[in-house]
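Chemist: Provided below: data_4.pdb, containing PDB, C-alpha atoms.
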```pdb
ATOM      1  CA  MET Q 852     -10.636  -8.209  -2.255
ATOM      2  CA  ILE Q 853      -8.612  -7.575   0.855
ATOM      3  CA  ASP Q 854     -10.581  -7.216   4.053
ATOM      4  CA  PRO Q 855      -9.837  -7.482   7.783
ATOM      5  CA  LYS Q 856     -10.211 -11.289   7.657
ATOM      6  CA  SER Q 857      -7.725 -11.767   4.801
ATOM      7  CA  HIS Q 858      -4.433 -13.560   5.461
ATOM      8  CA  PRO Q 859      -1.985 -11.701   3.175
ATOM      9  CA  ALA Q 860       1.302 -13.303   2.163
ATOM     10  CA  LEU Q 861       3.967 -12.606  -0.409
ATOM     11  CA  ALA Q 862       3.198 -14.195  -3.755
ATOM     12  CA  ARG Q 863       5.257 -17.111  -4.972
ATOM     13  CA  GLY Q 864       8.651 -15.926  -6.200
ATOM     14  CA  VAL Q 865       8.500 -12.635  -4.274
ATOM     15  CA  ARG Q 866      11.097 -11.942  -1.590
ATOM     16  CA  LEU Q 867      11.426  -9.152   0.936
ATOM     17  CA  GLN Q 868      15.009  -8.007   1.423
ATOM     18  CA  ASN Q 869      17.216  -4.948   1.760
ATOM     19  CA  ASP Q 870      19.102  -3.480  -1.185
ATOM     20  CA  ALA Q 871      22.755  -4.515  -0.861
ATOM     21  CA  LYS Q 872      24.054  -1.023  -1.696
ATOM     22  CA  THR Q 873      21.553   1.309  -0.054
ATOM     23  CA  GLY Q 874      20.032  -0.886   2.648
ATOM     24  CA  GLU Q 875      16.552   0.192   1.530
ATOM     25  CA  PRO Q 876      13.786  -2.397   1.877
ATOM     26  CA  MET Q 877      12.532  -3.860  -1.372
ATOM     27  CA  LEU Q 878      10.468  -6.624  -2.864
ATOM     28  CA  LEU Q 879      12.297  -8.719  -5.439
ATOM     29  CA  TYR Q 880      10.233 -10.619  -7.980
ATOM     30  CA  PRO Q 881      11.028 -12.315 -11.295
ATOM     31  CA  GLU Q 882      10.190  -9.222 -13.376
ATOM     32  CA  GLY Q 883      12.042  -6.699 -11.227
ATOM     33  CA  ALA Q 884      12.138  -4.967  -7.883
ATOM     34  CA  LEU Q 885       9.942  -2.587  -5.941
ATOM     35  CA  TYR Q 886      11.488  -0.321  -3.322
ATOM     36  CA  LEU Q 887       9.296   0.090  -0.246
ATOM     37  CA  SER Q 888       8.760   3.083   1.975
ATOM     38  CA  ALA Q 889       9.416   2.505   5.670
ATOM     39  CA  THR Q 890       5.677   2.338   6.245
ATOM     40  CA  ALA Q 891       5.080  -0.185   3.457
ATOM     41  CA  TYR Q 892       7.952  -2.276   4.815
ATOM     42  CA  GLU Q 893       6.318  -2.389   8.259
ATOM     43  CA  VAL Q 894       3.107  -3.662   6.655
ATOM     44  CA  VAL Q 895       4.709  -6.165   4.263
ATOM     45  CA  SER Q 896       7.047  -7.604   6.880
ATOM     46  CA  ARG Q 897       3.965  -8.800   8.783
ATOM     47  CA  CYS Q 898       2.385 -10.514   5.756
ATOM     48  CA  ASP Q 899       3.212 -14.106   6.608
ATOM     49  CA  GLY Q 900      -0.054 -15.748   5.543
ATOM     50  CA  GLN Q 901      -0.853 -16.548   9.163
ATOM     51  CA  GLN Q 902      -1.902 -13.147  10.489
ATOM     52  CA  THR Q 903      -5.145 -11.556   9.407
ATOM     53  CA  THR Q 904      -5.167  -8.036   8.059
ATOM     54  CA  ALA Q 905      -6.957  -7.000  11.264
ATOM     55  CA  ALA Q 906      -4.120  -8.501  13.337
ATOM     56  CA  ILE Q 907      -1.526  -6.653  11.238
ATOM     57  CA  ILE Q 908      -3.378  -3.371  11.745
ATOM     58  CA  SER Q 909      -3.702  -4.052  15.471
ATOM     59  CA  SER Q 910       0.002  -4.864  15.751
ATOM     60  CA  LEU Q 911       0.984  -1.650  13.969
ATOM     61  CA  ALA Q 912      -1.442   0.416  16.047
ATOM     62  CA  GLU Q 913       0.002  -0.981  19.256
ATOM     63  CA  GLU Q 914       3.620  -0.583  18.170
ATOM     64  CA  TYR Q 915       3.174   3.026  17.039
ATOM     65  CA  ASP Q 916       0.530   3.990  19.620
ATOM     66  CA  VAL Q 917      -2.027   4.976  16.977
ATOM     67  CA  GLU Q 918      -5.745   4.236  16.743
ATOM     68  CA  MET Q 919      -6.600   1.245  14.529
ATOM     69  CA  ASP Q 920      -9.146   3.300  12.588
ATOM     70  CA  THR Q 921      -6.386   5.731  11.655
ATOM     71  CA  LEU Q 922      -4.278   2.958  10.116
ATOM     72  CA  GLN Q 923      -6.932   0.747   8.571
ATOM     73  CA  THR Q 924      -7.473   2.669   5.333
ATOM     74  CA  ASP Q 925      -3.761   3.130   4.667
ATOM     75  CA  VAL Q 926      -2.901  -0.506   5.388
ATOM     76  CA  LEU Q 927      -5.758  -1.812   3.242
ATOM     77  CA  GLU Q 928      -4.730   0.493   0.374
ATOM     78  CA  CYS Q 929      -1.106  -0.662   0.617
ATOM     79  CA  LEU Q 930      -2.119  -4.321   0.592
ATOM     80  CA  ALA Q 931      -4.607  -3.798  -2.256
ATOM     81  CA  ASP Q 932      -1.920  -2.103  -4.353
ATOM     82  CA  LEU Q 933       0.529  -4.966  -3.804
ATOM     83  CA  ASN Q 934      -2.215  -7.491  -4.509
ATOM     84  CA  GLN Q 935      -3.097  -5.717  -7.758
ATOM     85  CA  ARG Q 936       0.580  -5.866  -8.778
ATOM     86  CA  LYS Q 937       0.443  -9.615  -8.039
ATOM     87  CA  LEU Q 938       3.154  -9.308  -5.378
ATOM     88  CA  LEU Q 939       0.812 -10.358  -2.589
ATOM     89  CA  VAL Q 940      -1.838 -13.050  -2.275
ATOM     90  CA  VAL Q 941      -4.754 -13.196   0.146
TER      91      VAL Q 941
END
```
As structure tokens, what does this structure read like?

Modeler:
Amino acid sequence: MIDPKSHPALARGVRLQNDAKTGEPMLLYPEGALYLSATAYEVVSRCDGQQTTAAIISSLAEEYDVEMDTLQTDVLECLADLNQRKLLVV
């Protein structure tokens, strides 16, 4: 379960990079690739295993001048989806 105290990080074998042809952000993993929206990229790029989910939300809120409460649900859903796909660990 991902919560504000979780420390999300990419799972072993998963890499964040840009597609060589299109420049779109994507996660590469042994079974394939997952293209990320710009928003998902902003979330995933902060998942270093050191920052808490709350710190990631706070960072995004500050950068985009948005209330934390506005972002919290979307960020948690994004992280939960990636965790369910086994692309992220907490």

Chemist: One number please: atom CA of Q:Met877 to atom CA of Q:Glu893, in Å, one decimal.

Modeler: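 Atom-to-atom, atom CA of Q:Met877 to atom CA of Q:Glu893, that is 11.6 Å.
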
Chemist: Closest to Q:Ile853 among Q:Gly874, Q:Thr903, Q:Leu911, Q:Asp920, using only C-alpha atoms?

Modeler: Q:Thr903

Chemist: Report, in Å to a single decimal, how far apart atom CA of Q:Asp854 and atom CA of Q:Thr904 are.

Modeler: 6.8 Å

Chemist: Around (2.5, -2.9, 11.5) in the file's frame, which residues reach within 12 Å when counting only C-alpha atoms? Return as an mmCIF file with C-alpha atoms, in the frame of the given file?

Modeler:
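Wrote it out as out19.cif, contents follow:
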```cif
data_model
loop_
_atom_site.group_PDB
_atom_site.id
_atom_site.type_symbol
_atom_site.label_atom_id
_atom_site.label_comp_id
_atom_site.auth_asym_id
_atom_site.auth_seq_id
_atom_site.Cartn_x
_atom_site.Cartn_y
_atom_site.Cartn_z
ATOM 1 C CA ALA Q 889 9.416 2.505 5.670
ATOM 2 C CA THR Q 890 5.677 2.338 6.245
ATOM 3 C CA ALA Q 891 5.080 -0.185 3.457
ATOM 4 C CA TYR Q 892 7.952 -2.276 4.815
ATOM 5 C CA GLU Q 893 6.318 -2.389 8.259
ATOM 6 C CA VAL Q 894 3.107 -3.662 6.655
ATOM 7 C CA VAL Q 895 4.709 -6.165 4.263
ATOM 8 C CA SER Q 896 7.047 -7.604 6.880
ATOM 9 C CA ARG Q 897 3.965 -8.800 8.783
ATOM 10 C CA CYS Q 898 2.385 -10.514 5.756
ATOM 11 C CA GLN Q 902 -1.902 -13.147 10.489
ATOM 12 C CA THR Q 903 -5.145 -11.556 9.407
ATOM 13 C CA THR Q 904 -5.167 -8.036 8.059
ATOM 14 C CA ALA Q 905 -6.957 -7.000 11.264
ATOM 15 C CA ALA Q 906 -4.120 -8.501 13.337
ATOM 16 C CA ILE Q 907 -1.526 -6.653 11.238
ATOM 17 C CA ILE Q 908 -3.378 -3.371 11.745
ATOM 18 C CA SER Q 909 -3.702 -4.052 15.471
ATOM 19 C CA SER Q 910 0.002 -4.864 15.751
ATOM 20 C CA LEU Q 911 0.984 -1.650 13.969
ATOM 21 C CA ALA Q 912 -1.442 0.416 16.047
ATOM 22 C CA GLU Q 913 0.002 -0.981 19.256
ATOM 23 C CA GLU Q 914 3.620 -0.583 18.170
ATOM 24 C CA TYR Q 915 3.174 3.026 17.039
ATOM 25 C CA ASP Q 916 0.530 3.990 19.620
ATOM 26 C CA VAL Q 917 -2.027 4.976 16.977
ATOM 27 C CA MET Q 919 -6.600 1.245 14.529
ATOM 28 C CA LEU Q 922 -4.278 2.958 10.116
ATOM 29 C CA GLN Q 923 -6.932 0.747 8.571
ATOM 30 C CA ASP Q 925 -3.761 3.130 4.667
ATOM 31 C CA VAL Q 926 -2.901 -0.506 5.388
ATOM 32 C CA LEU Q 927 -5.758 -1.812 3.242
ATOM 33 C CA CYS Q 929 -1.106 -0.662 0.617
ATOM 34 C CA LEU Q 930 -2.119 -4.321 0.592
#
```

Chemist: Spell out the residues picked by the PyMOL selection byres ((chain Q and resi 881) around 8) here, as a JSON list (two decimals) with C-alpha atoms, in the coordinates of the input.

Modeler:
```json
[["chain", "number", "residue", "atom", "x", "y", "z"],
["Q", 864, "GLY", "CA", 8.65, -15.93, -6.20],
["Q", 865, "VAL", "CA", 8.50, -12.64, -4.27],
["Q", 879, "LEU", "CA", 12.30, -8.72, -5.44],
["Q", 880, "TYR", "CA", 10.23, -10.62, -7.98],
["Q", 882, "GLU", "CA", 10.19, -9.22, -13.38],
["Q", 883, "GLY", "CA", 12.04, -6.70, -11.23]]
```

Chemist: Could you jot down the atom CA of Q:Thr873 to atom CA of Q:Leu861 separation for me, Å, one decimal place?

Modeler: 22.4 Å

Chemist: Between Q:Glu918, Q:Leu887, Q:Asp899, Q:Lys856, which has the minimum distance to Q:Leu939 (counting only C-alpha atoms)?

Modeler: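 Using only C-alpha atoms, the shortest distance to Q:Leu939 belongs to Q:Asp899.
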
Chemist: The centre and edge lengths of an axis-aligned box containing all atoms of stretch 856-868 of chain Q present in the file, extended by 8 Å on each side, are to be given in Å to one decimal, as JSON.

Modeler:
```
{"center_x": 2.4, "center_y": -12.6, "center_z": 0.7, "size_x": 41.2, "size_y": 25.1, "size_z": 29.9}
```

Chemist: Using all atoms listed in the file, list the residues that have an atom at most 7 Å from (-7.7, -4.3, -3.3), coordinates as in the file, as a list of chain:residue names.

Modeler: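 The answer, in the requested form, is Q:Met852, Q:Ile853, Q:Glu928, Q:Leu930, Q:Ala931, Q:Asp932, Q:Asn934, Q:Gln935.
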
Chemist: Those same residues - C-alpha atoms - I'd like them written as a CSV table (one decimal), keeping the file's coordinate frame.

Modeler:
```csv
chain,number,residue,atom,x,y,z
Q,852,MET,CA,-10.6,-8.2,-2.3
Q,853,ILE,CA,-8.6,-7.6,0.9
Q,928,GLU,CA,-4.7,0.5,0.4
Q,930,LEU,CA,-2.1,-4.3,0.6
Q,931,ALA,CA,-4.6,-3.8,-2.3
Q,932,ASP,CA,-1.9,-2.1,-4.4
Q,934,ASN,CA,-2.2,-7.5,-4.5
Q,935,GLN,CA,-3.1,-5.7,-7.8
```

Chemist: Of the candidates Q:Pro876, Q:Ala862, Q:Thr921, Q:Pro855, which one gets nearest to Q:Leu933 if we count only C-alpha atoms?

Modeler: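 Checking each candidate against Q:Leu933, we get Q:Ala862 as the closest.
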
Chemist: Considering all atoms listed in the file, can you say which of Q:Lys937, Q:Lys872, Q:Leu885, Q:Gly900 comes closest to Q:Ala860?

Modeler: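 Ranking Q:Lys937, Q:Lys872, Q:Leu885, Q:Gly900 by distance to Q:Ala860, first place goes to Q:Gly900.
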